[in-house]
Amino acid sequence: MENLQIPDQIKELIGDEPYYIDDIGKSESQVILFSDKVLKIQEVSDESVKEIQVLTWLEDKLSVPEVLVSQVEGSTHYLLMSKIGGNMACDDIYMANPEKLVKALATALRQLWNVDLFSFKPMMTLAKKLEIAEYNVLNGKVDMADTQPATFGANGFEDPHALLRWLVANQPDEELVFSHGDMSLPNVFFKDDHVSGFIDLGLAGVSDKWQDIAIVYRSLVNNFAGVYGGKTYAGFKPEMLFEALDMTPDWDKLRYYILLDELF
Ligand SMILES: Nc1ncnc2c1ncn2[C@@H]1O[C@H](COP(=O)(O)OP(=O)(O)O)[C@@H](O)[C@H]1O
Ligand SMILES: [Mg+2]
């Protein structure tokens, strides 16, 4: 960390605490974990600014990290926050127990949907998401290495432009709720059977209910198949998630929101 430029205000709070550097997150952020605090360093962006607004707004509504310092220096955004206890949903202890994992994820989704939208501004409705997707496509911000294997190529879309055109032409109706925006397993923590916290909220906002279900679903499938860590796990069937949610899967919407996420 010696070669990182850390603002003095943050240095004072972390002192000489031991730390380790996270290698789970896939964004370009750098995340440094201390015993009870986490420092997230990323390029300043709409997303990094919104993450602070959302964390502050959610403080008394959901379990999220407390913002200790948010500071922009030049083009770098430093967020010092409290550390969430428990383990990520993709931790071995949960992956080894799919029934328990899926139930806990269903509870986490319901907690998000129960957040009262009164006084909440950030809209992440489809119109807004498609605007961001268009910006990402036009500015080469789509990470082709981080897409589902079938999305592009022989039986898929020719390129991100073609996918964007399809998404614009096939917009589903929306049932608006508070949405996490990136509900993949490493972004939600459990302690025993309880949700101990939601993190990585830069894409949060008012969106369709199926946005978060789709990302939870994709993340479950990929984590059980060993796509990220190489380790595969047994015992997960998609029905388990929809049973736990007591909902009938809307496969068109699931597919739509998984495809939309390819452009983020
Ligand atoms: N407040 C926090 N408490 C505990 N762990 C955290 C916290 N913030 C980040 N992490 C850890 O760092 C990882 C990456 O952080 P995240 O905010 O998700 O960044 P990215 O945008 O790179 O995914 C998380 O998956 C988690 O393991
Ligand atoms: Mg993350």
# chains A, B, ... in the order shown; residues from 1 in each chain; ligands from 1
call {"tool": "closest_atom_pairs", "arguments": {"of": "chain A", "to": "ligand 2", "cutoff": "12 Å", "atoms": "only C-alpha atoms and all ligand atoms", "output": "CSV"}}
result
residue,atom,partner,partner_atom_place_in_ligand_line,distance
A:Asp22,CA,ligand 2,1 (Mg),10.3
A:Asp23,CA,ligand 2,1 (Mg),10.2
A:Ile24,CA,ligand 2,1 (Mg),7.4
A:Gly25,CA,ligand 2,1 (Mg),4.6
A:Lys26,CA,ligand 2,1 (Mg),6.6
A:Ser27,CA,ligand 2,1 (Mg),7.2
A:Glu28,CA,ligand 2,1 (Mg),10.2
A:Ser29,CA,ligand 2,1 (Mg),9.2
A:Gln30,CA,ligand 2,1 (Mg),10.7
A:Val31,CA,ligand 2,1 (Mg),9.7
A:Lys40,CA,ligand 2,1 (Mg),10.7
A:Glu51,CA,ligand 2,1 (Mg),11.8
A:Met88,CA,ligand 2,1 (Mg),10.3
A:Ala89,CA,ligand 2,1 (Mg),11.7
A:Cys90,CA,ligand 2,1 (Mg),11.6
A:His180,CA,ligand 2,1 (Mg),11.3
A:Gly181,CA,ligand 2,1 (Mg),10.7
A:Asp182,CA,ligand 2,1 (Mg),7.6
A:Met183,CA,ligand 2,1 (Mg),8.6
A:Ser184,CA,ligand 2,1 (Mg),7.5
A:Leu185,CA,ligand 2,1 (Mg),8.5
A:Pro186,CA,ligand 2,1 (Mg),5.9
A:Asn187,CA,ligand 2,1 (Mg),5.0
A:Val188,CA,ligand 2,1 (Mg),8.8
A:Phe189,CA,ligand 2,1 (Mg),11.2
A:Phe198,CA,ligand 2,1 (Mg),9.8
A:Ile199,CA,ligand 2,1 (Mg),7.0
A:Asp200,CA,ligand 2,1 (Mg),5.1
A:Leu201,CA,ligand 2,1 (Mg),8.4
A:Gly202,CA,ligand 2,1 (Mg),9.6
A:Leu203,CA,ligand 2,1 (Mg),10.7
A:Ser219,CA,ligand 2,1 (Mg),11.8
call {"tool": "write_last_selection", "arguments": {"atoms": "N, CA and C atoms", "output": "CSV table (one decimal), in the first residue's frame"}}
result
chain,number,residue,atom,x,y,z
A,22,ASP,N,-8.4,-7.3,-1.9
A,22,ASP,CA,-9.4,-8.2,-2.4
A,22,ASP,C,-9.1,-8.5,-3.9
A,23,ASP,N,-9.4,-9.8,-4.3
A,23,ASP,CA,-9.2,-10.1,-5.7
A,23,ASP,C,-10.5,-10.7,-6.2
A,24,ILE,N,-11.6,-10.4,-5.5
A,24,ILE,CA,-12.9,-11.0,-6.0
A,24,ILE,C,-13.6,-10.1,-6.9
A,25,GLY,N,-13.7,-8.8,-6.6
A,25,GLY,CA,-14.5,-7.8,-7.4
A,25,GLY,C,-14.0,-7.8,-8.8
A,26,LYS,N,-14.9,-7.6,-9.8
A,26,LYS,CA,-14.4,-7.7,-11.2
A,26,LYS,C,-14.3,-6.3,-11.8
A,27,SER,N,-14.8,-5.3,-11.1
A,27,SER,CA,-14.7,-3.9,-11.7
A,27,SER,C,-13.2,-3.5,-11.6
A,28,GLU,N,-13.0,-2.3,-12.1
A,28,GLU,CA,-11.6,-1.8,-12.0
A,28,GLU,C,-11.3,-1.2,-10.7
A,29,SER,N,-12.2,-1.3,-9.7
A,29,SER,CA,-11.9,-0.7,-8.4
A,29,SER,C,-10.8,-1.5,-7.7
A,30,GLN,N,-10.2,-0.9,-6.8
A,30,GLN,CA,-9.2,-1.6,-5.9
A,30,GLN,C,-9.8,-1.6,-4.5
A,31,VAL,N,-9.9,-2.7,-3.9
A,31,VAL,CA,-10.5,-2.8,-2.6
A,31,VAL,C,-9.6,-3.4,-1.6
A,40,LYS,N,-12.4,1.4,-0.7
A,40,LYS,CA,-12.6,1.1,-2.1
A,40,LYS,C,-12.1,2.3,-2.9
A,51,GLU,N,-23.0,5.5,-5.6
A,51,GLU,CA,-22.8,4.5,-4.5
A,51,GLU,C,-22.9,5.2,-3.1
A,88,MET,N,-19.6,-13.8,2.2
A,88,MET,CA,-20.2,-13.6,0.9
A,88,MET,C,-21.1,-14.8,0.6
A,89,ALA,N,-22.2,-14.5,-0.2
A,89,ALA,CA,-23.1,-15.6,-0.6
A,89,ALA,C,-22.4,-16.7,-1.4
A,90,CYS,N,-21.2,-16.4,-2.0
A,90,CYS,CA,-20.5,-17.4,-2.8
A,90,CYS,C,-19.5,-18.1,-2.0
A,180,HIS,N,-31.0,-3.5,-6.3
A,180,HIS,CA,-29.6,-3.4,-6.0
A,180,HIS,C,-28.8,-3.1,-7.2
A,181,GLY,N,-29.2,-3.7,-8.3
A,181,GLY,CA,-28.5,-3.3,-9.6
A,181,GLY,C,-27.4,-4.3,-10.0
A,182,ASP,N,-26.8,-4.9,-9.0
A,182,ASP,CA,-25.7,-5.9,-9.4
A,182,ASP,C,-25.7,-7.0,-8.3
A,183,MET,N,-26.9,-7.7,-8.2
A,183,MET,CA,-27.1,-8.7,-7.1
A,183,MET,C,-26.3,-10.0,-7.4
A,184,SER,N,-25.1,-9.9,-7.7
A,184,SER,CA,-24.3,-11.2,-7.8
A,184,SER,C,-23.9,-11.7,-6.4
A,185,LEU,N,-23.5,-12.9,-6.3
A,185,LEU,CA,-23.3,-13.5,-5.0
A,185,LEU,C,-22.2,-12.8,-4.2
A,186,PRO,N,-21.1,-12.3,-4.8
A,186,PRO,CA,-20.1,-11.6,-4.0
A,186,PRO,C,-20.5,-10.3,-3.4
A,187,ASN,N,-21.7,-9.8,-3.8
A,187,ASN,CA,-22.2,-8.5,-3.4
A,187,ASN,C,-23.2,-8.6,-2.3
A,188,VAL,N,-23.5,-9.8,-1.7
A,188,VAL,CA,-24.4,-9.9,-0.6
A,188,VAL,C,-23.7,-10.8,0.4
A,189,PHE,N,-23.8,-10.4,1.7
A,189,PHE,CA,-23.2,-11.2,2.8
A,189,PHE,C,-24.3,-11.7,3.7
A,198,PHE,N,-25.5,-5.7,2.2
A,198,PHE,CA,-25.5,-5.6,0.7
A,198,PHE,C,-24.3,-4.6,0.5
A,199,ILE,N,-23.5,-4.9,-0.5
A,199,ILE,CA,-22.4,-3.9,-0.9
A,199,ILE,C,-22.4,-3.7,-2.4
A,200,ASP,N,-21.6,-2.8,-2.9
A,200,ASP,CA,-21.4,-2.6,-4.3
A,200,ASP,C,-22.6,-2.0,-5.0
A,201,LEU,N,-23.1,-0.9,-4.4
A,201,LEU,CA,-24.4,-0.4,-4.8
A,201,LEU,C,-24.4,0.7,-5.9
A,202,GLY,N,-23.4,0.8,-6.6
A,202,GLY,CA,-23.3,1.9,-7.6
A,202,GLY,C,-24.3,1.9,-8.7
A,203,LEU,N,-24.9,0.7,-8.9
A,203,LEU,CA,-26.0,0.6,-10.0
A,203,LEU,C,-27.4,0.5,-9.4
A,219,SER,N,-25.9,-15.6,-11.4
A,219,SER,CA,-24.7,-15.7,-10.5
A,219,SER,C,-24.8,-17.1,-9.8
call {"tool": "select_by_dssp", "arguments": {"residues": "region 21-97 of chain A", "states": "strand (DSSP E)", "output": "ChimeraX atom specification"}}
result
/A:21,30-33,37-43,67-73,76-82,87-88
call {"tool": "closest_residue", "arguments": {"among": "A:Phe190, A:Ser207, A:Arg218, A:Ile21", "to": "Thr107 (chain A)", "atoms": "only C-alpha atoms"}}
result
A:Phe190
call {"tool": "select_by_dssp", "arguments": {"residues": "region 150-235 of chain A", "states": "helix (DSSP H, G or I)", "output": "MDAnalysis selection string"}}
result
chainID A and resid 160:169 185:187 209:224
call {"tool": "write_last_selection", "arguments": {"atoms": "N, CA and C atoms", "output": "PDB file, in the first residue's frame"}}
result
ATOM      1  N   PRO A 160     -21.941  -5.853 -29.572  1.00  0.00           N
ATOM      2  CA  PRO A 160     -22.745  -5.096 -28.603  1.00  0.00           C
ATOM      3  C   PRO A 160     -23.767  -4.162 -29.258  1.00  0.00           C
ATOM      4  N   HIS A 161     -23.467  -3.612 -30.445  1.00  0.00           N
ATOM      5  CA  HIS A 161     -24.428  -2.738 -31.127  1.00  0.00           C
ATOM      6  C   HIS A 161     -25.700  -3.511 -31.469  1.00  0.00           C
ATOM      7  N   ALA A 162     -25.521  -4.731 -31.981  1.00  0.00           N
ATOM      8  CA  ALA A 162     -26.676  -5.556 -32.355  1.00  0.00           C
ATOM      9  C   ALA A 162     -27.489  -5.908 -31.110  1.00  0.00           C
ATOM     10  N   LEU A 163     -26.801  -6.226 -30.033  1.00  0.00           N
ATOM     11  CA  LEU A 163     -27.505  -6.547 -28.783  1.00  0.00           C
ATOM     12  C   LEU A 163     -28.297  -5.327 -28.300  1.00  0.00           C
ATOM     13  N   LEU A 164     -27.681  -4.162 -28.352  1.00  0.00           N
ATOM     14  CA  LEU A 164     -28.366  -2.939 -27.924  1.00  0.00           C
ATOM     15  C   LEU A 164     -29.632  -2.708 -28.760  1.00  0.00           C
ATOM     16  N   ARG A 165     -29.523  -2.904 -30.061  1.00  0.00           N
ATOM     17  CA  ARG A 165     -30.708  -2.706 -30.930  1.00  0.00           C
ATOM     18  C   ARG A 165     -31.827  -3.658 -30.524  1.00  0.00           C
ATOM     19  N   TRP A 166     -31.453  -4.901 -30.227  1.00  0.00           N
ATOM     20  CA  TRP A 166     -32.464  -5.894 -29.823  1.00  0.00           C
ATOM     21  C   TRP A 166     -33.107  -5.493 -28.489  1.00  0.00           C
ATOM     22  N   LEU A 167     -32.287  -5.024 -27.562  1.00  0.00           N
ATOM     23  CA  LEU A 167     -32.806  -4.625 -26.236  1.00  0.00           C
ATOM     24  C   LEU A 167     -33.763  -3.447 -26.355  1.00  0.00           C
ATOM     25  N   VAL A 168     -33.436  -2.509 -27.229  1.00  0.00           N
ATOM     26  CA  VAL A 168     -34.299  -1.339 -27.425  1.00  0.00           C
ATOM     27  C   VAL A 168     -35.631  -1.775 -28.038  1.00  0.00           C
ATOM     28  N   ALA A 169     -35.560  -2.725 -28.955  1.00  0.00           N
ATOM     29  CA  ALA A 169     -36.775  -3.149 -29.677  1.00  0.00           C
ATOM     30  C   ALA A 169     -37.656  -4.094 -28.866  1.00  0.00           C
ATOM     31  N   LEU A 185     -23.540 -12.928  -6.324  1.00  0.00           N
ATOM     32  CA  LEU A 185     -23.281 -13.517  -5.003  1.00  0.00           C
ATOM     33  C   LEU A 185     -22.194 -12.804  -4.182  1.00  0.00           C
ATOM     34  N   PRO A 186     -21.123 -12.310  -4.800  1.00  0.00           N
ATOM     35  CA  PRO A 186     -20.097 -11.640  -3.962  1.00  0.00           C
ATOM     36  C   PRO A 186     -20.544 -10.285  -3.417  1.00  0.00           C
ATOM     37  N   ASN A 187     -21.732  -9.811  -3.827  1.00  0.00           N
ATOM     38  CA  ASN A 187     -22.181  -8.498  -3.372  1.00  0.00           C
ATOM     39  C   ASN A 187     -23.226  -8.566  -2.273  1.00  0.00           C
ATOM     40  N   LYS A 209     -38.500  -5.427 -10.999  1.00  0.00           N
ATOM     41  CA  LYS A 209     -38.262  -6.509 -10.037  1.00  0.00           C
ATOM     42  C   LYS A 209     -37.353  -7.620 -10.589  1.00  0.00           C
ATOM     43  N   TRP A 210     -37.479  -7.903 -11.889  1.00  0.00           N
ATOM     44  CA  TRP A 210     -36.728  -9.013 -12.475  1.00  0.00           C
ATOM     45  C   TRP A 210     -35.268  -8.695 -12.727  1.00  0.00           C
ATOM     46  N   GLN A 211     -34.884  -7.423 -12.634  1.00  0.00           N
ATOM     47  CA  GLN A 211     -33.473  -7.056 -12.785  1.00  0.00           C
ATOM     48  C   GLN A 211     -32.621  -7.836 -11.764  1.00  0.00           C
ATOM     49  N   ASP A 212     -32.973  -7.743 -10.491  1.00  0.00           N
ATOM     50  CA  ASP A 212     -32.153  -8.400  -9.469  1.00  0.00           C
ATOM     51  C   ASP A 212     -32.337  -9.920  -9.472  1.00  0.00           C
ATOM     52  N   ILE A 213     -33.561 -10.380  -9.756  1.00  0.00           N
ATOM     53  CA  ILE A 213     -33.758 -11.843  -9.798  1.00  0.00           C
ATOM     54  C   ILE A 213     -32.856 -12.426 -10.895  1.00  0.00           C
ATOM     55  N   ALA A 214     -32.793 -11.736 -12.029  1.00  0.00           N
ATOM     56  CA  ALA A 214     -32.000 -12.250 -13.156  1.00  0.00           C
ATOM     57  C   ALA A 214     -30.520 -12.367 -12.791  1.00  0.00           C
ATOM     58  N   ILE A 215     -30.002 -11.366 -12.096  1.00  0.00           N
ATOM     59  CA  ILE A 215     -28.564 -11.413 -11.770  1.00  0.00           C
ATOM     60  C   ILE A 215     -28.292 -12.460 -10.685  1.00  0.00           C
ATOM     61  N   VAL A 216     -29.213 -12.592  -9.729  1.00  0.00           N
ATOM     62  CA  VAL A 216     -29.061 -13.652  -8.718  1.00  0.00           C
ATOM     63  C   VAL A 216     -29.068 -15.012  -9.428  1.00  0.00           C
ATOM     64  N   TYR A 217     -30.000 -15.188 -10.336  1.00  0.00           N
ATOM     65  CA  TYR A 217     -30.119 -16.454 -11.055  1.00  0.00           C
ATOM     66  C   TYR A 217     -28.831 -16.766 -11.835  1.00  0.00           C
ATOM     67  N   ARG A 218     -28.359 -15.781 -12.619  1.00  0.00           N
ATOM     68  CA  ARG A 218     -27.140 -15.997 -13.413  1.00  0.00           C
ATOM     69  C   ARG A 218     -25.949 -16.287 -12.500  1.00  0.00           C
ATOM     70  N   SER A 219     -25.876 -15.560 -11.391  1.00  0.00           N
ATOM     71  CA  SER A 219     -24.746 -15.735 -10.482  1.00  0.00           C
ATOM     72  C   SER A 219     -24.779 -17.117  -9.823  1.00  0.00           C
ATOM     73  N   LEU A 220     -25.978 -17.586  -9.481  1.00  0.00           N
ATOM     74  CA  LEU A 220     -26.089 -18.939  -8.911  1.00  0.00           C
ATOM     75  C   LEU A 220     -25.603 -19.968  -9.926  1.00  0.00           C
ATOM     76  N   VAL A 221     -26.118 -19.871 -11.149  1.00  0.00           N
ATOM     77  CA  VAL A 221     -25.743 -20.850 -12.188  1.00  0.00           C
ATOM     78  C   VAL A 221     -24.226 -20.834 -12.383  1.00  0.00           C
ATOM     79  N   ASN A 222     -23.655 -19.648 -12.531  1.00  0.00           N
ATOM     80  CA  ASN A 222     -22.214 -19.546 -12.807  1.00  0.00           C
ATOM     81  C   ASN A 222     -21.360 -19.991 -11.622  1.00  0.00           C
ATOM     82  N   ASN A 223     -21.770 -19.620 -10.418  1.00  0.00           N
ATOM     83  CA  ASN A 223     -20.975 -20.026  -9.256  1.00  0.00           C
ATOM     84  C   ASN A 223     -21.030 -21.538  -9.048  1.00  0.00           C
ATOM     85  N   PHE A 224     -22.191 -22.152  -9.253  1.00  0.00           N
ATOM     86  CA  PHE A 224     -22.275 -23.608  -9.093  1.00  0.00           C
ATOM     87  C   PHE A 224     -21.487 -24.323 -10.185  1.00  0.00           C
TER      88      PHE A 224
END
call {"tool": "closest_residue", "arguments": {"among": "A:Met81, A:Val115, A:Ile132, A:Leu263", "to": "ligand 1", "atoms": "only C-alpha atoms and all ligand atoms"}}
result
A:Met81
call {"tool": "closest_residue", "arguments": {"among": "A:Asp46, A:Asp8, A:Glu17, A:Asp91", "to": "ligand 1", "atoms": "only C-alpha atoms and all ligand atoms"}}
result
A:Asp91
call {"tool": "residues_around", "arguments": {"residues": "Gly235 (chain A)", "least_positions_apart": "4", "cutoff": "10 Å", "atoms": "only C-alpha atoms", "output": "ChimeraX atom specification"}}
result
/A:95-99,224,240
call {"tool": "atom_distance", "arguments": {"atom1": "CA of Asn139 (chain A)", "atom2": "CA of Glu158 (chain A)"}}
result
17.4 Å
call {"tool": "residues_around", "arguments": {"residues": "Val64 (chain A)", "least_positions_apart": "6", "cutoff": "9 Å", "atoms": "only C-alpha atoms", "output": "list in words"}}
result
Leu55, Thr56, Leu58, Ser82, Ile84, Ser196, Gly197, Phe198 and Ile199 of chain A
call {"tool": "write_last_selection", "arguments": {"atoms": "all heavy atoms", "output": "PDB file, in the first residue's frame"}}
result
ATOM      1  N   LEU A  55     -25.743   4.457  -0.339  1.00  0.00           N
ATOM      2  CA  LEU A  55     -25.344   3.935   0.979  1.00  0.00           C
ATOM      3  C   LEU A  55     -25.892   4.835   2.080  1.00  0.00           C
ATOM      4  O   LEU A  55     -26.382   4.350   3.101  1.00  0.00           O
ATOM      5  CB  LEU A  55     -23.817   3.858   1.088  1.00  0.00           C
ATOM      6  CG  LEU A  55     -23.132   2.742   0.304  1.00  0.00           C
ATOM      7  CD1 LEU A  55     -21.616   2.883   0.370  1.00  0.00           C
ATOM      8  CD2 LEU A  55     -23.558   1.362   0.824  1.00  0.00           C
ATOM      9  N   THR A  56     -25.828   6.143   1.865  1.00  0.00           N
ATOM     10  CA  THR A  56     -26.303   7.079   2.883  1.00  0.00           C
ATOM     11  C   THR A  56     -27.816   6.988   3.027  1.00  0.00           C
ATOM     12  O   THR A  56     -28.346   6.938   4.135  1.00  0.00           O
ATOM     13  CB  THR A  56     -25.871   8.515   2.492  1.00  0.00           C
ATOM     14  OG1 THR A  56     -24.488   8.479   2.154  1.00  0.00           O
ATOM     15  CG2 THR A  56     -26.099   9.495   3.611  1.00  0.00           C
ATOM     16  N   LEU A  58     -29.699   4.456   2.339  1.00  0.00           N
ATOM     17  CA  LEU A  58     -30.137   3.146   2.848  1.00  0.00           C
ATOM     18  C   LEU A  58     -29.783   2.908   4.315  1.00  0.00           C
ATOM     19  O   LEU A  58     -30.236   1.919   4.900  1.00  0.00           O
ATOM     20  CB  LEU A  58     -29.516   2.022   2.016  1.00  0.00           C
ATOM     21  CG  LEU A  58     -30.131   1.753   0.639  1.00  0.00           C
ATOM     22  CD1 LEU A  58     -29.304   0.699  -0.090  1.00  0.00           C
ATOM     23  CD2 LEU A  58     -31.593   1.297   0.753  1.00  0.00           C
ATOM     24  N   SER A  82     -17.434   0.967   6.624  1.00  0.00           N
ATOM     25  CA  SER A  82     -17.336  -0.109   7.603  1.00  0.00           C
ATOM     26  C   SER A  82     -17.361  -1.448   6.876  1.00  0.00           C
ATOM     27  O   SER A  82     -17.853  -1.550   5.742  1.00  0.00           O
ATOM     28  CB  SER A  82     -18.491  -0.014   8.595  1.00  0.00           C
ATOM     29  OG  SER A  82     -19.715  -0.176   7.904  1.00  0.00           O
ATOM     30  N   ILE A  84     -18.570  -5.258   6.387  1.00  0.00           N
ATOM     31  CA  ILE A  84     -19.742  -6.086   6.671  1.00  0.00           C
ATOM     32  C   ILE A  84     -19.267  -7.427   7.263  1.00  0.00           C
ATOM     33  O   ILE A  84     -18.315  -8.019   6.762  1.00  0.00           O
ATOM     34  CB  ILE A  84     -20.529  -6.336   5.351  1.00  0.00           C
ATOM     35  CG1 ILE A  84     -21.090  -5.027   4.793  1.00  0.00           C
ATOM     36  CG2 ILE A  84     -21.610  -7.387   5.541  1.00  0.00           C
ATOM     37  CD1 ILE A  84     -22.236  -4.431   5.588  1.00  0.00           C
ATOM     38  N   SER A 196     -26.394 -10.161   6.307  1.00  0.00           N
ATOM     39  CA  SER A 196     -25.638  -9.205   7.139  1.00  0.00           C
ATOM     40  C   SER A 196     -25.317  -7.936   6.363  1.00  0.00           C
ATOM     41  O   SER A 196     -24.989  -6.914   6.955  1.00  0.00           O
ATOM     42  CB  SER A 196     -24.379  -9.838   7.719  1.00  0.00           C
ATOM     43  OG  SER A 196     -23.620 -10.462   6.722  1.00  0.00           O
ATOM     44  N   GLY A 197     -25.413  -7.969   5.043  1.00  0.00           N
ATOM     45  CA  GLY A 197     -25.213  -6.706   4.333  1.00  0.00           C
ATOM     46  C   GLY A 197     -25.218  -6.825   2.822  1.00  0.00           C
ATOM     47  O   GLY A 197     -24.962  -7.886   2.255  1.00  0.00           O
ATOM     48  N   PHE A 198     -25.537  -5.691   2.198  1.00  0.00           N
ATOM     49  CA  PHE A 198     -25.462  -5.550   0.742  1.00  0.00           C
ATOM     50  C   PHE A 198     -24.309  -4.581   0.453  1.00  0.00           C
ATOM     51  O   PHE A 198     -24.200  -3.546   1.131  1.00  0.00           O
ATOM     52  CB  PHE A 198     -26.745  -4.917   0.193  1.00  0.00           C
ATOM     53  CG  PHE A 198     -27.985  -5.742   0.409  1.00  0.00           C
ATOM     54  CD1 PHE A 198     -28.771  -5.573   1.545  1.00  0.00           C
ATOM     55  CD2 PHE A 198     -28.381  -6.676  -0.543  1.00  0.00           C
ATOM     56  CE1 PHE A 198     -29.919  -6.330   1.739  1.00  0.00           C
ATOM     57  CE2 PHE A 198     -29.535  -7.430  -0.363  1.00  0.00           C
ATOM     58  CZ  PHE A 198     -30.306  -7.258   0.782  1.00  0.00           C
ATOM     59  N   ILE A 199     -23.497  -4.888  -0.535  1.00  0.00           N
ATOM     60  CA  ILE A 199     -22.420  -3.950  -0.908  1.00  0.00           C
ATOM     61  C   ILE A 199     -22.446  -3.709  -2.414  1.00  0.00           C
ATOM     62  O   ILE A 199     -23.217  -4.336  -3.135  1.00  0.00           O
ATOM     63  CB  ILE A 199     -21.027  -4.502  -0.504  1.00  0.00           C
ATOM     64  CG1 ILE A 199     -20.736  -5.829  -1.221  1.00  0.00           C
ATOM     65  CG2 ILE A 199     -20.918  -4.675   0.997  1.00  0.00           C
ATOM     66  CD1 ILE A 199     -19.264  -6.162  -1.255  1.00  0.00           C
TER      67      ILE A 199
END
call {"tool": "residues_around", "arguments": {"residues": "Gly205 (chain A)", "least_positions_apart": "6", "cutoff": "8 Å", "atoms": "only C-alpha atoms", "output": "list in words"}}
result
Lys121, Pro122, Met123, Met124, Thr125, Phe178, Ser179, His180 and Gly181 of chain A
call {"tool": "write_last_selection", "arguments": {"atoms": "all heavy atoms", "output": "short mmCIF file (atom, residue, chain, number, x, y, z; two decimals), in the first residue's frame"}}
result
data_model
loop_
_atom_site.label_atom_id
_atom_site.label_comp_id
_atom_site.auth_asym_id
_atom_site.auth_seq_id
_atom_site.Cartn_x
_atom_site.Cartn_y
_atom_site.Cartn_z
N LYS A 121 -34.47 9.10 -5.18
CA LYS A 121 -34.37 9.72 -6.49
C LYS A 121 -33.78 8.83 -7.60
O LYS A 121 -34.34 8.78 -8.69
CB LYS A 121 -33.54 11.02 -6.41
CG LYS A 121 -34.18 12.08 -5.52
CD LYS A 121 -35.36 12.76 -6.23
CE LYS A 121 -35.97 13.87 -5.41
NZ LYS A 121 -36.26 13.54 -4.01
N PRO A 122 -32.63 8.18 -7.35
CA PRO A 122 -31.99 7.53 -8.51
C PRO A 122 -32.91 6.54 -9.24
O PRO A 122 -33.34 5.54 -8.70
CB PRO A 122 -30.79 6.81 -7.90
CG PRO A 122 -30.49 7.55 -6.65
CD PRO A 122 -31.83 8.04 -6.14
N MET A 123 -33.24 6.89 -10.47
CA MET A 123 -34.07 6.02 -11.28
C MET A 123 -33.16 5.17 -12.15
O MET A 123 -32.26 5.68 -12.80
CB MET A 123 -35.00 6.86 -12.17
CG MET A 123 -36.01 7.68 -11.41
SD MET A 123 -37.08 6.69 -10.35
CE MET A 123 -38.29 6.13 -11.55
N MET A 124 -33.40 3.88 -12.11
CA MET A 124 -32.64 2.99 -12.99
C MET A 124 -33.63 2.18 -13.81
O MET A 124 -33.48 0.98 -14.02
CB MET A 124 -31.72 2.08 -12.16
CG MET A 124 -30.52 2.81 -11.61
SD MET A 124 -29.45 3.49 -12.91
CE MET A 124 -28.23 2.18 -12.99
N THR A 125 -34.68 2.87 -14.25
CA THR A 125 -35.68 2.22 -15.08
C THR A 125 -35.03 1.85 -16.41
O THR A 125 -33.92 2.31 -16.72
CB THR A 125 -36.85 3.18 -15.34
OG1 THR A 125 -36.29 4.38 -15.84
CG2 THR A 125 -37.63 3.46 -14.08
N PHE A 178 -37.26 -1.12 -5.45
CA PHE A 178 -35.87 -0.74 -5.20
C PHE A 178 -35.00 -1.90 -5.66
O PHE A 178 -35.21 -3.05 -5.25
CB PHE A 178 -35.62 -0.44 -3.71
CG PHE A 178 -34.17 -0.13 -3.47
CD1 PHE A 178 -33.65 1.09 -3.88
CD2 PHE A 178 -33.32 -1.06 -2.92
CE1 PHE A 178 -32.29 1.37 -3.74
CE2 PHE A 178 -31.96 -0.79 -2.76
CZ PHE A 178 -31.46 0.43 -3.17
N SER A 179 -34.01 -1.59 -6.48
CA SER A 179 -33.16 -2.65 -7.05
C SER A 179 -31.70 -2.43 -6.68
O SER A 179 -31.20 -1.30 -6.75
CB SER A 179 -33.33 -2.63 -8.57
OG SER A 179 -32.22 -3.19 -9.21
N HIS A 180 -31.04 -3.49 -6.30
CA HIS A 180 -29.61 -3.42 -5.98
C HIS A 180 -28.80 -3.07 -7.23
O HIS A 180 -27.87 -2.28 -7.17
CB HIS A 180 -29.17 -4.78 -5.43
CG HIS A 180 -27.72 -4.87 -5.11
ND1 HIS A 180 -26.74 -4.92 -6.09
CD2 HIS A 180 -27.04 -4.89 -3.92
CE1 HIS A 180 -25.55 -4.97 -5.52
NE2 HIS A 180 -25.70 -4.95 -4.20
N GLY A 181 -29.17 -3.67 -8.34
CA GLY A 181 -28.52 -3.35 -9.61
C GLY A 181 -27.42 -4.31 -10.01
O GLY A 181 -27.14 -4.46 -11.20
#
call {"tool": "closest_residue", "arguments": {"among": "A:Val206, A:Val142, A:Leu13, A:Ile258", "to": "Leu80 (chain A)", "atoms": "only C-alpha atoms"}}
result
A:Leu13
call {"tool": "closest_residue", "arguments": {"among": "A:Trp57, A:Gly15, A:Glu47, A:Gly85", "to": "Val195 (chain A)", "atoms": "only C-alpha atoms"}}
result
A:Gly85
